[in-house]
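Okay, so here's the structure we're looking at.
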Amino acid sequence: MTRYGFHASHEQIGPSRLLADVQHAERAGFELAMCSDHFSPWSARQGHSAFAWSWLGAALATTGLTFGAVNAPGQRYHPAIVAQAVATLGSMFPGRFWVALGSGEASNEHITGDGWPRKEVRTQRLEECVEVIRRLLDGEEVSHDGLVTVDRARLWEVPEPRPRLVAPAVSLPSAARVAAWGEGMVTVNQPPEQLRRMVAAYRENGGAGPLALQVHLSWAPTEAEAERIAHDQWRSNVFPEPICWDLETPVAFDTVAEDVSIEKVRTVVDVSSDLGRHRELLAGYAALGFDEIYLHHVGQSQERFIDAFGEHVLPALREG
């Protein structure tokens, strides 16, 4: 049976408010949570970007939810440090934490001053990092010389059970490739037929573990307000690769998004004031085979969304 979670967007909400939001979400009936891990927001209008790993400790300690985080090892983060962070949370909160390991975006990684690699190099670097992180979490001493360098690293806190290393993917080639190492896959809402192909590409290439979907949505009591929220907060997030991966600053994203219409935003955000319509869309995603669906209301105020979906959407979805 599909379980429904809350997505905590660090780019849009400060950490203290976001901690209260995720606690509120648990009380309202959300079963899971996941969060982003950015150094910069996508837009100056979003205006936040706290350090996810500090926040995760507080969130896990003050709720009973299972959490996931999306992380990009290899440039801003050395893979041994990621492994240590994962191991610490896994040791403190056994069975309640997973991490999705991706190749990253220039908007977060350029801060190191190192060049932003080509896509194929980023993919190879990620795969090296995944292997390093897995071996460290399994208790090995690891040395590695490649696109990342590791010298005799060993974790002195080895978690049991080992947190899952989940593969994020947004395209069919990525879904097929990450099947080689993913202990689950997470993607974002797309047209149903494309999502069906994503699931098939992952499973048919040997991909194991749960399938998770992050759904960007905008709800408000009126259609005009739902549209206003989505257009204000998410119009910088409508661009396909390479734009979304290669732009470096919120100013750049805001510049290219100046003329983005609400119609374009609707291609990546499920916008509706009708809770019944949101139930239909979420039920349709669940029918595609997703084990976990994380709801991301793209507004900066979460209270009305949490209460409305907790009362009117989640119970109906569970009843089938």
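Labeling convention for the structure tokens: chains A, B, ... as they appear, residues from 1 per chain, ligands from 1 in order of appearance.
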* Asked: Would you give me, as a list in words, the residues in range 94-205 of chain A that DSSP reads as strand (DSSP E)?
  ->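 Output for range 94-205 of chain A, strand (DSSP E) only: Phe97, Trp98, Val99, Ala100, Leu101, Val142, Ser143, His144, Asp145, Thr149, Val150, Asp151, Arg152, Ala153, Leu165, Val166, Ala167, Pro168, Glu183, Gly184, Met185, Val186, Thr187 and Val188 of chain A.
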Would you mind listing, for every residue of range 198-254 of chain A within 7 Å of range 275-293 of chain A, the two atoms forming the shortest contact and the distance between them in Å to one decimal, using only C-alpha atoms, sorted by chain and ascending residue number, as JSON lines?
```
{"residue": "A:Pro210", "atom": "CA", "partner": "A:Asp291", "partner_atom": "CA", "distance": 5.8}
{"residue": "A:Leu211", "atom": "CA", "partner": "A:Phe290", "partner_atom": "CA", "distance": 5.0}
{"residue": "A:Ala212", "atom": "CA", "partner": "A:Glu292", "partner_atom": "CA", "distance": 4.6}
{"residue": "A:Leu213", "atom": "CA", "partner": "A:Ile293", "partner_atom": "CA", "distance": 4.8}
{"residue": "A:Gln214", "atom": "CA", "partner": "A:Ile293", "partner_atom": "CA", "distance": 5.9}
```
* Could you give me the residues within range 81-303 of chain A that DSSP places in helix (DSSP H, G or I), as number ranges by chain? => A: 81-92, 106-112, 119-137, 172-178, 192-204, 223-237, 243-246, 250-256, 262-265, 275-287, 303
* Residues at most 12 Å from range 85-87 of chain A, counting only C-alpha atoms, excluding those fewer than 5 positions away in the same chain, as a ChimeraX atom specification? -> /A:52-54,56-57,67-71,73,77-80,92-101,133-139,154-165
* Which neighbours of range 218-232 of chain A fall inside 12 Å, counting only C-alpha atoms, when residues of the same chain fewer than 5 positions from it are skipped, and could you give them as number ranges by chain? -> A: 12, 42-46, 237-238, 254, 257-279, 295-309, 313
Contact residues around Ser49 in chain A with only C-alpha atoms at 12 Å, ignoring same-chain residues under 2 positions, as a PDB file with N, CA and C atoms, in the first residue's frame:
```pdb
ATOM      1  N   ALA A   8      10.037  18.519   2.812  1.00  0.00           N
ATOM      2  CA  ALA A   8      10.506  19.727   3.486  1.00  0.00           C
ATOM      3  C   ALA A   8      11.491  20.452   2.574  1.00  0.00           C
ATOM      4  N   SER A   9      11.094  21.614   2.094  1.00  0.00           N
ATOM      5  CA  SER A   9      11.873  22.370   1.109  1.00  0.00           C
ATOM      6  C   SER A   9      12.711  23.432   1.809  1.00  0.00           C
ATOM      7  N   HIS A  10      13.988  23.132   2.029  1.00  0.00           N
ATOM      8  CA  HIS A  10      14.875  24.075   2.714  1.00  0.00           C
ATOM      9  C   HIS A  10      15.103  25.356   1.924  1.00  0.00           C
ATOM     10  N   GLU A  11      14.909  25.315   0.609  1.00  0.00           N
ATOM     11  CA  GLU A  11      15.122  26.513  -0.199  1.00  0.00           C
ATOM     12  C   GLU A  11      14.030  27.554   0.024  1.00  0.00           C
ATOM     13  N   GLN A  12      12.909  27.143   0.557  1.00  0.00           N
ATOM     14  CA  GLN A  12      11.749  28.026   0.645  1.00  0.00           C
ATOM     15  C   GLN A  12      11.369  28.439   2.060  1.00  0.00           C
ATOM     16  N   ILE A  13      11.816  27.686   3.058  1.00  0.00           N
ATOM     17  CA  ILE A  13      11.342  27.882   4.423  1.00  0.00           C
ATOM     18  C   ILE A  13      12.531  27.781   5.368  1.00  0.00           C
ATOM     19  N   GLY A  14      12.620  28.716   6.320  1.00  0.00           N
ATOM     20  CA  GLY A  14      13.699  28.681   7.303  1.00  0.00           C
ATOM     21  C   GLY A  14      13.623  27.453   8.189  1.00  0.00           C
ATOM     22  N   PRO A  15      14.746  27.050   8.792  1.00  0.00           N
ATOM     23  CA  PRO A  15      14.796  25.750   9.480  1.00  0.00           C
ATOM     24  C   PRO A  15      13.895  25.632  10.692  1.00  0.00           C
ATOM     25  N   SER A  16      13.738  26.696  11.475  1.00  0.00           N
ATOM     26  CA  SER A  16      12.866  26.596  12.653  1.00  0.00           C
ATOM     27  C   SER A  16      11.408  26.418  12.239  1.00  0.00           C
ATOM     28  N   LEU A  18      10.399  25.250   9.364  1.00  0.00           N
ATOM     29  CA  LEU A  18      10.273  23.974   8.667  1.00  0.00           C
ATOM     30  C   LEU A  18      10.211  22.811   9.653  1.00  0.00           C
ATOM     31  N   CYS A  35      13.697  15.602   2.564  1.00  0.00           N
ATOM     32  CA  CYS A  35      14.088  17.000   2.439  1.00  0.00           C
ATOM     33  C   CYS A  35      15.159  17.167   1.378  1.00  0.00           C
ATOM     34  N   SER A  36      15.281  18.401   0.918  1.00  0.00           N
ATOM     35  CA  SER A  36      16.333  18.786  -0.013  1.00  0.00           C
ATOM     36  C   SER A  36      17.611  19.090   0.759  1.00  0.00           C
ATOM     37  N   ASP A  37      18.711  19.244   0.038  1.00  0.00           N
ATOM     38  CA  ASP A  37      20.003  19.578   0.641  1.00  0.00           C
ATOM     39  C   ASP A  37      20.718  20.540  -0.307  1.00  0.00           C
ATOM     40  N   HIS A  38      20.408  21.832  -0.197  1.00  0.00           N
ATOM     41  CA  HIS A  38      20.930  22.855  -1.101  1.00  0.00           C
ATOM     42  C   HIS A  38      21.808  23.840  -0.345  1.00  0.00           C
ATOM     43  N   PHE A  39      22.746  24.457  -1.064  1.00  0.00           N
ATOM     44  CA  PHE A  39      23.481  25.589  -0.507  1.00  0.00           C
ATOM     45  C   PHE A  39      22.804  26.904  -0.878  1.00  0.00           C
ATOM     46  N   SER A  40      22.104  26.905  -2.015  1.00  0.00           N
ATOM     47  CA  SER A  40      21.422  28.111  -2.499  1.00  0.00           C
ATOM     48  C   SER A  40      20.003  27.763  -2.903  1.00  0.00           C
ATOM     49  N   PRO A  41      19.072  28.725  -2.794  1.00  0.00           N
ATOM     50  CA  PRO A  41      17.728  28.496  -3.330  1.00  0.00           C
ATOM     51  C   PRO A  41      17.745  28.577  -4.843  1.00  0.00           C
ATOM     52  N   TRP A  42      16.646  28.160  -5.449  1.00  0.00           N
ATOM     53  CA  TRP A  42      16.507  28.256  -6.903  1.00  0.00           C
ATOM     54  C   TRP A  42      16.186  29.685  -7.342  1.00  0.00           C
ATOM     55  N   SER A  43      15.670  30.486  -6.417  1.00  0.00           N
ATOM     56  CA  SER A  43      15.227  31.834  -6.742  1.00  0.00           C
ATOM     57  C   SER A  43      15.382  32.718  -5.516  1.00  0.00           C
ATOM     58  N   ALA A  44      15.686  33.992  -5.740  1.00  0.00           N
ATOM     59  CA  ALA A  44      15.737  34.922  -4.612  1.00  0.00           C
ATOM     60  C   ALA A  44      14.382  35.034  -3.933  1.00  0.00           C
ATOM     61  N   ARG A  45      13.297  34.770  -4.664  1.00  0.00           N
ATOM     62  CA  ARG A  45      11.965  34.817  -4.062  1.00  0.00           C
ATOM     63  C   ARG A  45      11.784  33.719  -3.019  1.00  0.00           C
ATOM     64  N   GLN A  46      12.495  32.620  -3.177  1.00  0.00           N
ATOM     65  CA  GLN A  46      12.411  31.537  -2.189  1.00  0.00           C
ATOM     66  C   GLN A  46      13.156  31.925  -0.916  1.00  0.00           C
ATOM     67  N   GLY A  47      14.386  32.377  -1.047  1.00  0.00           N
ATOM     68  CA  GLY A  47      15.039  33.110   0.013  1.00  0.00           C
ATOM     69  C   GLY A  47      15.594  32.373   1.204  1.00  0.00           C
ATOM     70  N   PHE A  51      21.324  24.362   6.415  1.00  0.00           N
ATOM     71  CA  PHE A  51      22.118  23.135   6.316  1.00  0.00           C
ATOM     72  C   PHE A  51      21.257  21.938   6.713  1.00  0.00           C
ATOM     73  N   ALA A  52      20.964  21.099   5.740  1.00  0.00           N
ATOM     74  CA  ALA A  52      19.982  20.029   5.935  1.00  0.00           C
ATOM     75  C   ALA A  52      20.381  19.047   7.029  1.00  0.00           C
ATOM     76  N   TRP A  53      21.683  18.747   7.175  1.00  0.00           N
ATOM     77  CA  TRP A  53      22.083  17.681   8.082  1.00  0.00           C
ATOM     78  C   TRP A  53      21.882  18.060   9.542  1.00  0.00           C
ATOM     79  N   TRP A  55      19.493  20.086  10.541  1.00  0.00           N
ATOM     80  CA  TRP A  55      18.034  20.047  10.674  1.00  0.00           C
ATOM     81  C   TRP A  55      17.526  18.618  10.794  1.00  0.00           C
ATOM     82  N   SER A 107      24.386  25.133  -9.189  1.00  0.00           N
ATOM     83  CA  SER A 107      23.939  26.187  -8.273  1.00  0.00           C
ATOM     84  C   SER A 107      24.408  25.943  -6.840  1.00  0.00           C
ATOM     85  N   ASN A 108      24.634  24.677  -6.478  1.00  0.00           N
ATOM     86  CA  ASN A 108      25.138  24.356  -5.152  1.00  0.00           C
ATOM     87  C   ASN A 108      26.635  24.073  -5.140  1.00  0.00           C
ATOM     88  N   PRO A 250      20.966  32.085  -8.023  1.00  0.00           N
ATOM     89  CA  PRO A 250      19.539  32.434  -8.038  1.00  0.00           C
ATOM     90  C   PRO A 250      19.235  33.572  -9.008  1.00  0.00           C
TER      91      PRO A 250
END
```
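Going from CA of Glu311 in chain A over to CA of Ala25 in chain A, you cover 11.2 Å.
Interatomic distance, CA of Pro192 in chain A against CA of Val215 in chain A: 12.1 Å.
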